[in-house]
>>> print(open('run-v1.txt').read())   # compact mmCIF, C-alpha atoms
# COMPACT_ATOMS: atom_id res chain seq x y z
CA MET A 1117 -12.73 25.05 19.48
CA ALA A 1118 -12.38 24.89 15.71
CA GLY A 1119 -16.08 24.40 15.12
CA THR A 1120 -18.93 21.94 15.27
CA THR A 1121 -19.64 19.35 12.61
CA VAL A 1122 -22.71 17.15 12.41
CA LEU A 1123 -21.80 13.70 11.13
CA PRO A 1124 -23.62 10.51 10.20
CA PRO A 1125 -23.94 7.88 12.92
CA THR A 1126 -21.14 5.66 11.68
CA LEU A 1127 -17.66 6.23 13.11
CA PHE A 1128 -14.60 4.16 12.28
CA CYS A 1129 -11.80 3.82 14.83
CA GLN A 1130 -8.40 2.36 14.07
CA ASN A 1131 -4.80 2.82 15.26
CA SER A 1132 -5.81 5.37 17.86
CA LEU A 1133 -7.41 7.53 15.19
CA VAL A 1134 -11.06 8.30 14.62
CA PHE A 1135 -12.53 8.45 11.13
CA SER A 1136 -16.01 9.58 10.18
CA ALA A 1137 -17.72 9.66 6.81
CA SER A 1138 -19.16 13.16 6.44
CA LEU A 1139 -22.03 14.43 4.30
CA ASN A 1140 -19.83 16.62 2.15
CA ASN A 1141 -18.11 13.64 0.47
CA SER A 1142 -14.94 13.91 2.53
CA CYS A 1143 -13.36 11.83 5.21
CA THR A 1144 -12.52 13.75 8.36
CA LYS A 1145 -9.65 12.42 10.38
CA LEU A 1146 -9.46 13.44 14.03
CA ALA A 1147 -5.93 13.20 15.36
CA LYS A 1148 -5.50 11.48 18.68
CA ASP A 1149 -4.01 14.61 20.24
CA SER A 1150 -7.10 16.67 19.41
CA SER A 1151 -9.74 17.14 22.05
CA PHE A 1152 -13.08 15.69 21.06
CA VAL A 1153 -16.40 14.53 22.48
CA PHE A 1154 -18.81 12.26 20.69
CA ASP A 1155 -22.15 10.66 21.33
CA VAL A 1156 -23.42 8.16 18.79
CA GLN A 1157 -26.64 6.16 19.20
CA GLU A 1158 -28.63 4.05 16.80
CA LYS A 1159 -30.57 6.13 14.25
CA ARG A 1160 -29.18 9.33 15.74
CA ARG A 1161 -26.50 11.63 14.46
CA GLY A 1162 -23.32 12.10 16.43
CA LEU A 1163 -21.89 15.46 17.43
CA ILE A 1164 -18.14 15.91 17.37
CA ARG A 1165 -16.22 18.93 18.55
CA CYS A 1166 -12.58 19.06 17.68
CA SER A 1167 -9.78 21.54 18.20
CA ALA A 1168 -7.36 21.40 15.27
CA LYS A 1169 -3.74 21.59 16.39
CA LYS A 1170 -1.82 20.45 13.32
CA LYS A 1171 -1.59 21.24 9.65
CA ILE A 1172 -3.26 18.66 7.47
CA SER A 1173 -0.73 15.96 6.59
CA PHE A 1174 -0.03 14.16 3.34
CA VAL A 1175 -2.08 11.15 4.46
CA ASP A 1176 -4.95 13.44 5.51
CA GLN A 1177 -5.00 14.96 2.04
CA ILE A 1178 -5.30 11.49 0.55
CA LEU A 1179 -8.12 10.62 2.93
CA ASP A 1180 -10.00 13.77 1.88
CA TYR A 1181 -10.53 12.16 -1.53
CA ILE A 1182 -12.19 9.05 -0.15
CA GLU A 1183 -15.96 8.80 -0.68
CA GLY A 1184 -18.49 9.70 2.00
CA GLY A 1185 -20.47 6.46 1.79
CA PRO A 1186 -20.97 3.34 -0.32
CA LYS A 1187 -23.75 5.01 -2.32
CA LEU A 1188 -21.31 7.64 -3.58
CA ARG A 1189 -18.70 5.22 -4.96
CA LYS A 1190 -19.55 6.03 -8.57
CA TRP A 1191 -18.76 9.70 -8.01
CA TYR A 1192 -15.12 8.81 -7.53
CA GLY A 1193 -14.86 6.23 -10.27
CA ALA A 1194 -14.18 3.37 -7.85
CA PRO A 1195 -14.02 0.02 -9.64
CA ASP A 1196 -16.92 -2.36 -9.16
CA LEU A 1197 -16.01 -5.44 -7.21
CA ILE A 1198 -17.44 -8.73 -8.35
CA PRO A 1199 -19.30 -10.28 -5.42
CA LYS A 1200 -17.87 -13.56 -4.24
CA ASP A 1201 -19.85 -16.56 -5.42
CA GLU A 1202 -19.23 -19.51 -3.13
CA SER A 1203 -20.60 -21.85 -5.80
CA ASN A 1204 -17.69 -20.95 -8.09
CA GLU A 1205 -14.91 -21.84 -5.65
CA GLU A 1206 -14.09 -25.01 -7.59
CA ASP A 1207 -13.81 -23.03 -10.82
CA GLN A 1208 -11.43 -20.58 -9.14
CA ASP A 1209 -9.11 -23.45 -8.24
CA LYS A 1210 -8.61 -24.47 -11.87
CA ASP A 1211 -5.17 -24.10 -13.33
CA GLU A 1212 -4.32 -20.60 -14.54
CA ASP A 1213 -3.63 -21.88 -18.05
CA GLU A 1214 -7.35 -22.60 -18.45
CA TYR A 1215 -7.96 -18.83 -18.45
CA PRO A 1216 -5.64 -17.52 -21.20
CA ASP A 1217 -7.75 -14.39 -21.67
CA GLU A 1218 -7.83 -13.45 -17.98
CA VAL A 1219 -7.74 -9.69 -17.50
CA ARG A 1220 -4.91 -8.66 -15.19
CA ASP A 1221 -5.58 -5.12 -13.99
CA THR A 1222 -5.19 -5.47 -10.21
CA VAL A 1223 -2.41 -4.42 -7.85
CA LEU A 1224 -1.77 -6.76 -4.90
CA VAL A 1225 -0.42 -5.05 -1.77
CA THR A 1226 1.20 -7.47 0.66
CA ASP A 1227 1.23 -6.60 4.39
CA GLY A 1228 -1.80 -4.40 3.76
CA ASP A 1229 -2.35 -3.71 7.45
CA SER A 1230 1.19 -2.40 8.00
CA GLU A 1231 1.64 1.36 8.25
CA ILE A 1232 3.34 1.76 4.88
CA GLY A 1233 0.98 -0.80 3.32
CA GLN A 1234 -2.01 1.31 4.34
CA ILE A 1235 -0.48 4.46 2.86
CA VAL A 1236 0.19 2.58 -0.40
CA ILE A 1237 -3.44 1.42 -0.48
CA LEU A 1238 -4.78 4.94 0.12
CA SER A 1239 -2.60 6.30 -2.69
CA LEU A 1240 -3.86 3.59 -5.05
CA ILE A 1241 -7.47 4.36 -4.12
CA VAL A 1242 -6.92 7.97 -5.19
CA LYS A 1243 -5.55 6.69 -8.52
CA ARG A 1244 -8.73 4.59 -8.91
CA THR A 1245 -6.72 1.39 -9.09
CA ARG A 1246 -8.25 -2.03 -8.61
CA ILE A 1247 -6.66 -3.32 -5.39
CA LYS A 1248 -6.21 -6.58 -3.52
CA ALA A 1249 -4.57 -6.56 -0.10
CA LEU A 1250 -3.10 -9.38 1.97
CA VAL A 1251 -4.07 -8.63 5.57
CA LYS A 1252 -4.08 -10.33 8.95
CA ASP A 1253 -7.46 -8.95 10.03
CA LYS A 1254 -9.99 -8.93 7.19
CA ARG A 1255 -12.72 -7.25 9.27
CA ASN A 1256 -10.51 -4.31 10.22
CA ALA A 1257 -9.47 -3.92 6.60
CA MET A 1258 -13.11 -3.81 5.51
CA GLU A 1259 -13.86 -1.15 8.12
CA SER A 1260 -10.88 0.91 6.94
CA PHE A 1261 -11.26 0.67 3.17
CA GLY A 1262 -14.74 -0.74 2.51
CA ASN A 1263 -15.37 -1.99 -1.03
CA TYR A 1264 -12.43 -0.07 -2.47
CA VAL A 1265 -10.15 -2.96 -1.58
CA GLU A 1266 -10.57 -6.71 -1.90
CA SER A 1267 -9.06 -7.78 1.41
CA ILE A 1268 -7.85 -11.36 1.68
CA ALA A 1269 -6.39 -13.21 4.66
CA GLY A 1270 -4.51 -16.48 4.59
CA ASP A 1271 -1.17 -18.22 4.33
CA ALA A 1272 0.68 -16.96 1.25
CA SER A 1273 2.91 -20.04 1.30
CA ASP A 1274 -0.17 -22.20 0.63
CA LYS A 1275 -0.30 -22.83 -3.14
CA LYS A 1276 -4.09 -22.97 -3.32
CA PHE A 1277 -4.49 -19.69 -1.43
CA LEU A 1278 -1.73 -17.98 -3.41
CA LYS A 1279 -3.26 -19.00 -6.74
CA LYS A 1280 -6.56 -17.47 -5.67
CA ALA A 1281 -4.85 -14.32 -4.35
CA LEU A 1282 -2.99 -13.80 -7.64
CA GLN A 1283 -6.05 -14.12 -9.90
CA GLY A 1284 -6.27 -10.95 -11.98
CA VAL A 1285 -3.11 -9.48 -10.43
CA ARG A 1286 -0.85 -7.50 -12.76
CA SER A 1287 1.59 -6.04 -10.21
CA ILE A 1288 2.62 -6.69 -6.61
CA VAL A 1289 3.79 -4.09 -4.09
CA CYS A 1290 5.67 -5.49 -1.08
CA PRO A 1291 6.00 -2.70 1.54
CA LYS A 1292 8.15 -4.93 3.75
CA GLU A 1293 10.27 -8.06 3.48
CA GLY A 1294 9.02 -11.61 3.91
CA PHE A 1295 6.47 -12.23 1.17
CA ILE A 1296 8.70 -13.12 -1.79
CA ALA A 1297 10.89 -15.47 0.25
CA ASN A 1298 7.91 -17.51 1.45
CA VAL A 1299 5.88 -17.96 -1.74
CA GLY A 1300 6.27 -20.22 -4.70
CA SER A 1301 5.39 -19.32 -8.27
CA LEU A 1302 4.18 -15.83 -9.15
CA LYS A 1303 3.11 -16.95 -12.60
CA GLY A 1304 1.25 -14.31 -14.58
CA VAL A 1305 2.50 -11.32 -12.56
CA LYS A 1306 4.06 -8.64 -14.76
CA HIS A 1307 5.92 -6.50 -12.19
CA VAL A 1308 6.97 -6.79 -8.54
CA ILE A 1309 7.99 -3.82 -6.38
CA LEU A 1310 9.91 -4.54 -3.18
CA LEU A 1311 10.65 -1.95 -0.49
CA SER A 1312 13.84 -3.29 1.04
CA GLN A 1313 15.83 -2.35 4.14
CA LEU A 1314 18.78 -4.54 3.18
CA SER A 1315 21.21 -1.61 2.91
CA VAL A 1316 20.27 -0.51 6.44
CA TYR A 1317 20.79 -4.01 7.83
CA ARG A 1318 24.16 -4.36 6.10
CA GLY A 1319 25.26 -0.97 7.42
CA SER A 1320 24.39 -1.75 11.04
CA SER A 1321 26.93 -2.97 13.60
CA GLY A 1322 27.18 -4.19 17.17
CA VAL A 1323 23.95 -4.90 19.03
CA GLN A 1324 21.88 -3.44 16.23
CA ALA A 1325 23.41 -5.89 13.76
CA LEU A 1326 22.58 -8.81 16.07
CA MET A 1327 19.00 -7.64 16.49
CA SER A 1328 18.48 -7.28 12.75
CA GLY A 1329 20.22 -10.54 11.83
CA ASN A 1330 17.05 -12.48 10.98
CA ALA A 1331 15.55 -9.51 9.13
CA ARG A 1332 18.73 -9.22 7.06
CA LYS A 1333 18.59 -12.89 6.05
CA LEU A 1334 14.93 -12.49 5.08
CA ALA A 1335 15.68 -9.37 3.03
CA GLU A 1336 18.58 -11.09 1.26
CA LYS A 1337 16.40 -14.10 0.43
CA ASP A 1338 13.59 -11.83 -0.80
CA GLU A 1339 15.92 -9.96 -3.15
CA SER A 1340 17.74 -13.02 -4.48
CA THR A 1341 14.46 -14.91 -5.04
CA LEU A 1342 12.95 -11.96 -6.88
CA MET A 1343 16.02 -11.44 -9.07
CA ALA A 1344 15.96 -15.13 -10.07
CA SER A 1345 12.21 -15.20 -10.73
CA GLY A 1346 12.34 -13.88 -14.30
CA ILE A 1347 9.62 -11.34 -13.46
CA PRO A 1348 10.41 -7.66 -14.05
CA TYR A 1349 11.18 -6.15 -10.65
CA THR A 1350 11.92 -2.87 -8.92
CA ILE A 1351 13.82 -3.11 -5.64
CA ILE A 1352 13.79 0.12 -3.66
CA ARG A 1353 16.57 0.02 -1.07
CA ALA A 1354 15.45 2.73 1.32
CA GLY A 1355 17.30 4.30 4.21
CA VAL A 1356 16.02 4.07 7.78
CA LEU A 1357 12.25 4.61 7.57
CA GLN A 1358 11.07 7.57 9.65
CA ASN A 1359 7.67 8.81 10.84
CA THR A 1360 8.14 12.23 9.25
CA PRO A 1361 5.74 14.04 6.87
CA GLY A 1362 6.11 13.11 3.22
CA GLY A 1363 6.38 15.52 0.32
CA LYS A 1364 8.39 18.02 2.34
CA GLN A 1365 11.93 17.06 1.35
CA GLY A 1366 13.77 16.09 -1.79
CA PHE A 1367 15.64 12.86 -2.45
CA LYS A 1368 19.09 11.41 -2.89
CA PHE A 1369 19.84 8.38 -5.10
CA VAL A 1370 23.60 7.98 -4.62
CA GLU A 1371 24.89 4.44 -4.17
CA GLY A 1372 25.61 3.77 -0.49
CA CYS A 1373 23.28 6.52 0.79
CA ALA A 1374 20.71 4.10 2.25
CA ALA A 1375 23.17 2.71 4.82
CA THR A 1376 23.46 6.08 6.57
CA GLY A 1377 20.45 8.14 5.48
CA SER A 1378 16.74 8.07 6.26
CA LEU A 1379 13.49 8.24 4.31
CA SER A 1380 10.00 9.30 5.29
CA LYS A 1381 7.56 6.38 5.36
CA GLU A 1382 5.08 8.46 3.37
CA ASP A 1383 7.72 9.18 0.73
CA ALA A 1384 8.66 5.48 0.63
CA ALA A 1385 5.02 4.52 0.00
CA SER A 1386 4.72 7.19 -2.68
CA ILE A 1387 7.80 5.88 -4.53
CA CYS A 1388 6.34 2.35 -4.47
CA VAL A 1389 3.15 3.62 -6.10
CA GLU A 1390 4.99 5.74 -8.68
CA ALA A 1391 7.20 2.76 -9.60
CA LEU A 1392 4.11 0.90 -10.84
CA GLU A 1393 4.07 3.13 -13.92
CA THR A 1394 7.65 2.30 -14.95
CA ILE A 1395 8.28 -1.39 -15.63
CA PRO A 1396 11.93 -2.29 -16.30
CA GLN A 1397 12.77 -4.80 -19.02
CA LYS A 1398 14.45 -7.06 -16.46
CA GLY A 1399 15.00 -5.35 -13.13
CA LEU A 1400 15.94 -2.12 -11.37
CA ILE A 1401 17.64 -1.75 -7.99
CA PHE A 1402 18.33 1.67 -6.51
CA GLU A 1403 18.98 3.29 -3.16
CA VAL A 1404 17.04 6.32 -1.95
CA VAL A 1405 16.92 8.60 1.08
CA ASN A 1406 15.58 12.08 1.68
CA GLY A 1407 17.91 14.75 0.33
CA ASP A 1408 18.02 17.89 -1.81
CA GLU A 1409 17.07 16.56 -5.25
CA LYS A 1410 13.51 17.50 -6.20
CA VAL A 1411 11.54 15.03 -8.32
CA SER A 1412 8.66 16.40 -10.38
CA ASP A 1413 8.37 13.49 -12.81
CA TRP A 1414 8.91 10.05 -11.27
CA LYS A 1415 8.62 8.21 -14.58
CA GLU A 1416 11.46 10.30 -15.99
CA CYS A 1417 13.47 9.85 -12.76
CA LEU A 1418 13.10 6.05 -12.71
CA THR A 1419 13.84 5.79 -16.44
CA SER A 1420 17.01 7.79 -15.85
CA LEU A 1421 18.05 5.43 -13.03
CA MET A 1422 17.50 2.45 -15.35
CA GLU A 1423 19.67 4.00 -18.04
CA LYS A 1424 22.48 4.64 -15.55
CA LYS A 1425 22.39 0.99 -14.42
CA GLU A 1426 22.70 -0.18 -18.03
CA GLN A 1427 25.82 1.89 -18.68
>>> encode(input="run-v1.txt", output="C-alpha cells")
Amino acid sequence: MAGTTVLPPTLFCQNSLVFSASLNNSCTKLAKDSSFVFDVQEKRRGLIRCSAKKKISFVDQILDYIEGGPKLRKWYGAPDLIPKDESNEEDQDKDEDEYPDEVRDTVLVTDGDSEIGQIVILSLIVKRTRIKALVKDKRNAMESFGNYVESIAGDASDKKFLKKALQGVRSIVCPKEGFIANVGSLKGVKHVILLSQLSVYRGSSGVQALMSGNARKLAEKDESTLMASGIPYTIIRAGVLQNTPGGKQGFKFVEGCAATGSLSKEDAASICVEALETIPQKGLIFEVVNGDEKVSDWKECLTSLMEKKEQ
C-alpha cells in the first residue's frame, strides 16, 4: 500500500473515478484501477487506502491545483460568482443593446460534460478564468467544479436561453461539433474556437464513412456557419482523437495530416485553451496531429500559422 490518508467526509464520484478534497489544499484523484477501501459517515472522517499504480497524468496535475474547499477559494484567486437573483430575471431578458457597457470577460465552454470539455474547463480553472459551461446535468457539473464554473443547462437553439447564456461571454470554446450549427446570433462574442473532426470524416471510407455521415454534415455546417458569422474564429481540424497522455509528444501542422494522423484528447483540449490568447483578425483554420515538432510558445506558433495562411 502506498500509504494512508485521512480525508474530510465529502467524496465526489464521477465517471468511475473518485475525488476527495484533502486538507492540504489539493485534490486527490483515485484511479479506478487502484485498490481502495472507504468508510464515510455523517460528521466522521473517511479513511482511504490506495495503492498507486500509475504515474500522475496531465489531468491529475491540473486537478492538484484545485482548491480543497469552498472556504479556500480566495487562495487560488478564483473569480467571485454573482449569486442568481430570481427577481432580476426580467432584466436579464432585456435586449443586449440596453447594456452597452457590459463587461465581457467570460469563456463559454459548450458540451461541458464531454471528456474534452471537462479537460478544457479544468485548464481554464488553473488560469483563473471566469467560466460558463453548457451541460446536460447541472447537478453533476456542480459536484465536479463547484463555484468555479457557472453551469447552465438548456436548449441552445432557444433564443431566450441563448441570450442569457451569452451574457458577459467574450469567447466560446466548442470541444465538439453541433453547437454553432444549431444556434442563431452570437452577437457580442469576440472569438469562437471550434475543435473539428471534419478532416477525419472526409478521409474515411466504406462503412466508417457511412457511420460518420451525419457527423460530417454537422461538422460542415458548423464550419460554414462560423466562417459566415463575421466573428473572429479559430477552427482546429484535429486528427483522430485518442485517449493517450497529453504533453508527451510534439505536433505536426502539415495540410492533410489530420485525415491520417491522431491527436491526444488532452493535447486537443490544451490547444483550444491556448488559442484563446491569439485572436485572428478574421479567421484561422489549421490541421494538427501529434508529431515531432515541439511547441514551447503557442502564441508564437499560432501567429506563425496565421501568417502562412495570409501568404
>>> atom_distance(input="run-v1.txt", atom1="CA of Ala1272 in chain A", atom2="CA of Val1356 in chain A")
26.8 Å
>>> closest_residue(input="run-v1.txt", among="A:Ser1380, A:Ala1331, A:Val1405, A:Ile1395", to="Ala1354 in chain A", atoms="only C-alpha atoms")
A:Val1405
>>> residues_near_point(input="run-v1.txt", point="(5.9, -8.1, -10.4)", cutoff="10 Å", atoms="all atoms listed in the file", output="ChimeraX atom specification")
/A:1223-1224,1285-1290,1302-1310,1342,1345-1350,1392,1395,1399
>>> atom_distance(input="run-v1.txt", atom1="CA of Thr1341 in chain A", atom2="CA of Gly1294 in chain A")
11.0 Å
>>> residues_near_point(input="run-v1.txt", point="(17.7, 13.6, -1.3)", cutoff="7 Å", atoms="only C-alpha atoms", output="PyMOL selection string")
chain A and resi 1366-1369+1405-1409
>>> closest_residue(input="run-v1.txt", among="A:Ile1401, A:Ala1375, A:Leu1421, A:Ile1241", to="Ser1320 in chain A", atoms="only C-alpha atoms")
A:Ala1375
>>> atom_distance(input="run-v1.txt", atom1="CA of Trp1414 in chain A", atom2="CA of Gly1284 in chain A")
25.9 Å
